[in-house]
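Read through the structure below, which is laid out as structure tokens, and then see the notes.
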Amino acid sequence: MTLTLVLVLALLVGVSLGLLGGGGSILTVPLLVYVAGMDAKEAIATSLFVVGVTSAVGMINHARGGRVRRRTGVLFGAAGMAGAYAGGLIGGGIPDVVLLAAFAVMMIATAAAMLRGRRDAGPGRAHRQVPVGRVLLDGAAVGLATGLVGAGGGFLVVPALALLGGLPMPVAVGTSLLVIAMKSAAGFAGYLSTVRIDWSLTLAVTGFAIAGSLAGAKLAGRVPADVLSRLFAWFVLAMGALVLVQQAPAGTRLPILAAVASLGAGAGVCYGFVARCPLRRAVHGT
């Protein structure tokens with residue numbers, strides 16, 4: 001019964017990847033920890049494999065459509081691989097509670113990036129020279145986060161490629177899949193020296209995630225992307241807060257949860273009903 005639930009949820013993870021071009025690891029790690037019962041290190045390592053393979057498969061259609069900028073992707077991905085491999089090695093020696101707390105923080109940061117929306121490069125920047133040093137630095141930083149906690153993929157890579165690489169948004173999305181596949185492979189390799197992988201479950205989850213991503217890609221044109229992305233972002237934000245609360249000492253969880261719920265309710269009221277709410281300016285950049 002648990003295996004069936006894990007595979008059904010893996011299918012939904014793939015659908016989110018196909019619809020949004022990201023978010024796979026954000027959902028895969030909690031799925032493997034809280035449903036499949038893996039420890040944090042095994043879940044992160046397995047997530048890197050699942051998301052890496054699924055991204056590589058999803059990249060094929062983008063490459064056929066000319067939406068993958070190989071030079072920029074390989075440059076960003078190579079730096080990301082170095083950071084991800086280092087993150088995987090470091091993560092193997094960090095306590096699970098610290099890894100899950102860091103993962104929760106990454107979930108919250110990812111949700112904030114999603115709520116702000118993806119910024120295009122603009123016609124004046126689409127063909128400018130790529131700042132190699134900045135691309136390498138940002139690629140290594142994003143890769144380190146990915147390798148360490150198994151998150152920080154598409155929703156961080158796409159804006160970086162659009163703004164630093166000057167790529168139009170459709171090309172940034174396609175190229176990001178190449179980057180994610182590269183750095184996920186490196187992060188996974190970093191964890192292999194300290195983590196034992198359940199290959200039968202890993203391959204099953206990967207297969208269902210790939211099937212879901214192909215289905216999600218077909219649904220992408222039929223679902224309002226902006227509405228879906230914002231709903232997903234609020235869900236990720238709530239999940240991140242819950243995971244963070246779970247890592248707190250047992251006696252403090254209820255008060256922290258009540259404080260977080262109150263803060264969230266206040267933020268929701270402000271965002272939804274107050275015209276000059278600072279949260280609106282932070283989200284929309286106005």
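Identifiers in the structure tokens: chain A, B, ... in order shown; residue index from 1 per chain; ligand index from 1 in order shown.
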
#### Entry: Spatial neighbours of range 27-41 of chain A, 7 Å, only C-alpha atoms, chain gap at least 5 places, as a ChimeraX atom specification
/A:2,6,13,47,92,96,99-100,195

I need the chosen residues saved as an mmCIF file, in the first residue's frame, with N, CA, C and O atoms.
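Below is the file part-v2.cif, written as the result:
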data_model
loop_
_atom_site.group_PDB
_atom_site.id
_atom_site.type_symbol
_atom_site.label_atom_id
_atom_site.label_comp_id
_atom_site.auth_asym_id
_atom_site.auth_seq_id
_atom_site.Cartn_x
_atom_site.Cartn_y
_atom_site.Cartn_z
ATOM 1 N N THR A 2 1.935 1.243 0.830
ATOM 2 C CA THR A 2 2.841 2.388 0.874
ATOM 3 C C THR A 2 3.539 2.583 -0.456
ATOM 4 O O THR A 2 3.680 3.707 -0.946
ATOM 5 N N VAL A 6 3.518 5.847 -2.870
ATOM 6 C CA VAL A 6 4.762 6.498 -3.282
ATOM 7 C C VAL A 6 4.800 6.658 -4.800
ATOM 8 O O VAL A 6 5.165 7.727 -5.320
ATOM 9 N N VAL A 13 4.636 14.191 -9.025
ATOM 10 C CA VAL A 13 5.880 14.961 -9.070
ATOM 11 C C VAL A 13 6.287 15.192 -10.518
ATOM 12 O O VAL A 13 6.671 16.304 -10.919
ATOM 13 N N SER A 47 16.486 11.585 -4.670
ATOM 14 C CA SER A 47 15.844 12.691 -5.375
ATOM 15 C C SER A 47 16.737 13.233 -6.492
ATOM 16 O O SER A 47 16.253 13.556 -7.582
ATOM 17 N N GLY A 92 26.895 14.268 3.087
ATOM 18 C CA GLY A 92 26.979 12.934 3.668
ATOM 19 C C GLY A 92 27.437 12.931 5.109
ATOM 20 O O GLY A 92 27.194 11.960 5.837
ATOM 21 N N ASP A 96 20.972 14.549 9.878
ATOM 22 C CA ASP A 96 19.721 14.624 9.123
ATOM 23 C C ASP A 96 18.890 15.847 9.481
ATOM 24 O O ASP A 96 18.289 16.486 8.613
ATOM 25 N N LEU A 99 20.172 18.833 7.653
ATOM 26 C CA LEU A 99 19.873 18.754 6.218
ATOM 27 C C LEU A 99 18.416 19.084 5.937
ATOM 28 O O LEU A 99 18.105 19.827 5.000
ATOM 29 N N LEU A 100 17.508 18.539 6.757
ATOM 30 C CA LEU A 100 16.087 18.799 6.525
ATOM 31 C C LEU A 100 15.732 20.253 6.828
ATOM 32 O O LEU A 100 14.885 20.843 6.143
ATOM 33 N N VAL A 195 26.131 7.009 1.056
ATOM 34 C CA VAL A 195 24.707 6.650 1.140
ATOM 35 C C VAL A 195 24.445 5.378 0.332
ATOM 36 O O VAL A 195 24.940 5.222 -0.793
#

### Query
So which residues touch Ser184 in chain A within 8 Å, counting only C-alpha atoms, skipping near sequence neighbours fewer than 2 positions away, as a count of residues only?
15

### Message
From a backbone DSSP assignment, name each residue in range 166-258 of chain A labelled alpha helix (DSSP H), as a PyMOL selection string.
### Response
chain A and resi 169-192+199-219+225-246+253-258

Write out, as a PDB file, in the first residue's frame, the residues just selected, with C-alpha atoms.
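Written file, result00.pdb:
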ATOM      1  CA  MET A 169      12.527  32.559 -21.432  1.00  0.00           C
ATOM      2  CA  PRO A 170      11.603  29.474 -23.562  1.00  0.00           C
ATOM      3  CA  VAL A 171      15.309  28.871 -24.243  1.00  0.00           C
ATOM      4  CA  ALA A 172      16.187  29.436 -20.565  1.00  0.00           C
ATOM      5  CA  VAL A 173      13.616  26.799 -19.555  1.00  0.00           C
ATOM      6  CA  GLY A 174      14.968  24.247 -22.063  1.00  0.00           C
ATOM      7  CA  THR A 175      18.598  24.984 -21.182  1.00  0.00           C
ATOM      8  CA  SER A 176      17.840  24.709 -17.460  1.00  0.00           C
ATOM      9  CA  LEU A 177      16.944  21.041 -17.940  1.00  0.00           C
ATOM     10  CA  LEU A 178      20.458  20.393 -19.266  1.00  0.00           C
ATOM     11  CA  VAL A 179      21.941  22.210 -16.256  1.00  0.00           C
ATOM     12  CA  ILE A 180      19.707  20.352 -13.772  1.00  0.00           C
ATOM     13  CA  ALA A 181      20.596  16.971 -15.285  1.00  0.00           C
ATOM     14  CA  MET A 182      24.333  17.748 -15.091  1.00  0.00           C
ATOM     15  CA  LYS A 183      24.429  19.012 -11.522  1.00  0.00           C
ATOM     16  CA  SER A 184      22.005  16.374 -10.252  1.00  0.00           C
ATOM     17  CA  ALA A 185      24.341  13.705 -11.605  1.00  0.00           C
ATOM     18  CA  ALA A 186      27.314  15.302  -9.836  1.00  0.00           C
ATOM     19  CA  GLY A 187      25.442  15.716  -6.545  1.00  0.00           C
ATOM     20  CA  PHE A 188      24.291  12.095  -6.729  1.00  0.00           C
ATOM     21  CA  ALA A 189      27.884  10.971  -7.326  1.00  0.00           C
ATOM     22  CA  GLY A 190      28.958  12.933  -4.250  1.00  0.00           C
ATOM     23  CA  TYR A 191      26.420  11.134  -2.059  1.00  0.00           C
ATOM     24  CA  LEU A 192      27.215   7.651  -3.415  1.00  0.00           C
ATOM     25  CA  TRP A 199      17.765   0.835  -6.587  1.00  0.00           C
ATOM     26  CA  SER A 200      14.477  -1.024  -7.098  1.00  0.00           C
ATOM     27  CA  LEU A 201      12.475   1.788  -5.476  1.00  0.00           C
ATOM     28  CA  THR A 202      14.623   4.488  -7.066  1.00  0.00           C
ATOM     29  CA  LEU A 203      14.112   3.141 -10.591  1.00  0.00           C
ATOM     30  CA  ALA A 204      10.378   2.662 -10.005  1.00  0.00           C
ATOM     31  CA  VAL A 205       9.961   6.236  -8.740  1.00  0.00           C
ATOM     32  CA  THR A 206      12.041   7.519 -11.665  1.00  0.00           C
ATOM     33  CA  GLY A 207       9.899   5.655 -14.200  1.00  0.00           C
ATOM     34  CA  PHE A 208       6.665   7.046 -12.772  1.00  0.00           C
ATOM     35  CA  ALA A 209       8.133  10.558 -12.574  1.00  0.00           C
ATOM     36  CA  ILE A 210       9.151  10.383 -16.247  1.00  0.00           C
ATOM     37  CA  ALA A 211       5.654   9.212 -17.222  1.00  0.00           C
ATOM     38  CA  GLY A 212       4.151  12.063 -15.219  1.00  0.00           C
ATOM     39  CA  SER A 213       6.473  14.643 -16.788  1.00  0.00           C
ATOM     40  CA  LEU A 214       5.456  13.551 -20.294  1.00  0.00           C
ATOM     41  CA  ALA A 215       1.783  13.838 -19.312  1.00  0.00           C
ATOM     42  CA  GLY A 216       2.388  17.199 -17.671  1.00  0.00           C
ATOM     43  CA  ALA A 217       4.119  18.523 -20.790  1.00  0.00           C
ATOM     44  CA  LYS A 218       1.016  17.701 -22.828  1.00  0.00           C
ATOM     45  CA  LEU A 219      -1.203  19.480 -20.285  1.00  0.00           C
ATOM     46  CA  ALA A 225       0.678  28.626 -16.063  1.00  0.00           C
ATOM     47  CA  ASP A 226       0.705  31.758 -13.902  1.00  0.00           C
ATOM     48  CA  VAL A 227      -2.187  30.623 -11.697  1.00  0.00           C
ATOM     49  CA  LEU A 228      -0.754  27.124 -11.382  1.00  0.00           C
ATOM     50  CA  SER A 229       2.701  28.433 -10.517  1.00  0.00           C
ATOM     51  CA  ARG A 230       1.381  30.708  -7.762  1.00  0.00           C
ATOM     52  CA  LEU A 231      -0.784  27.974  -6.226  1.00  0.00           C
ATOM     53  CA  PHE A 232       2.195  25.631  -6.285  1.00  0.00           C
ATOM     54  CA  ALA A 233       4.391  28.323  -4.701  1.00  0.00           C
ATOM     55  CA  TRP A 234       2.000  28.818  -1.769  1.00  0.00           C
ATOM     56  CA  PHE A 235       1.843  25.031  -1.322  1.00  0.00           C
ATOM     57  CA  VAL A 236       5.659  24.798  -1.286  1.00  0.00           C
ATOM     58  CA  LEU A 237       5.816  27.686   1.190  1.00  0.00           C
ATOM     59  CA  ALA A 238       3.417  25.894   3.548  1.00  0.00           C
ATOM     60  CA  MET A 239       5.293  22.595   3.160  1.00  0.00           C
ATOM     61  CA  GLY A 240       8.611  24.321   3.852  1.00  0.00           C
ATOM     62  CA  ALA A 241       7.245  25.851   7.035  1.00  0.00           C
ATOM     63  CA  LEU A 242       5.910  22.470   8.218  1.00  0.00           C
ATOM     64  CA  VAL A 243       9.202  20.683   7.502  1.00  0.00           C
ATOM     65  CA  LEU A 244      11.068  23.435   9.368  1.00  0.00           C
ATOM     66  CA  VAL A 245       8.728  23.109  12.361  1.00  0.00           C
ATOM     67  CA  GLN A 246       9.249  19.322  12.349  1.00  0.00           C
ATOM     68  CA  ARG A 253       6.774  22.599  17.852  1.00  0.00           C
ATOM     69  CA  LEU A 254       3.192  23.536  18.789  1.00  0.00           C
ATOM     70  CA  PRO A 255       3.980  27.161  19.756  1.00  0.00           C
ATOM     71  CA  ILE A 256       6.131  27.582  16.639  1.00  0.00           C
ATOM     72  CA  LEU A 257       3.406  26.076  14.443  1.00  0.00           C
ATOM     73  CA  ALA A 258       0.818  28.425  15.985  1.00  0.00           C
TER      74      ALA A 258
END

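In this structure, CA of Arg196 in chain A sits 9.0 Å away from CA of Ala45 in chain A.
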
### Task
May I ask for the distance between CA of Val158 in chain A and CA of Ile26 in chain A, given in Å to one decimal place?
15.5 Å
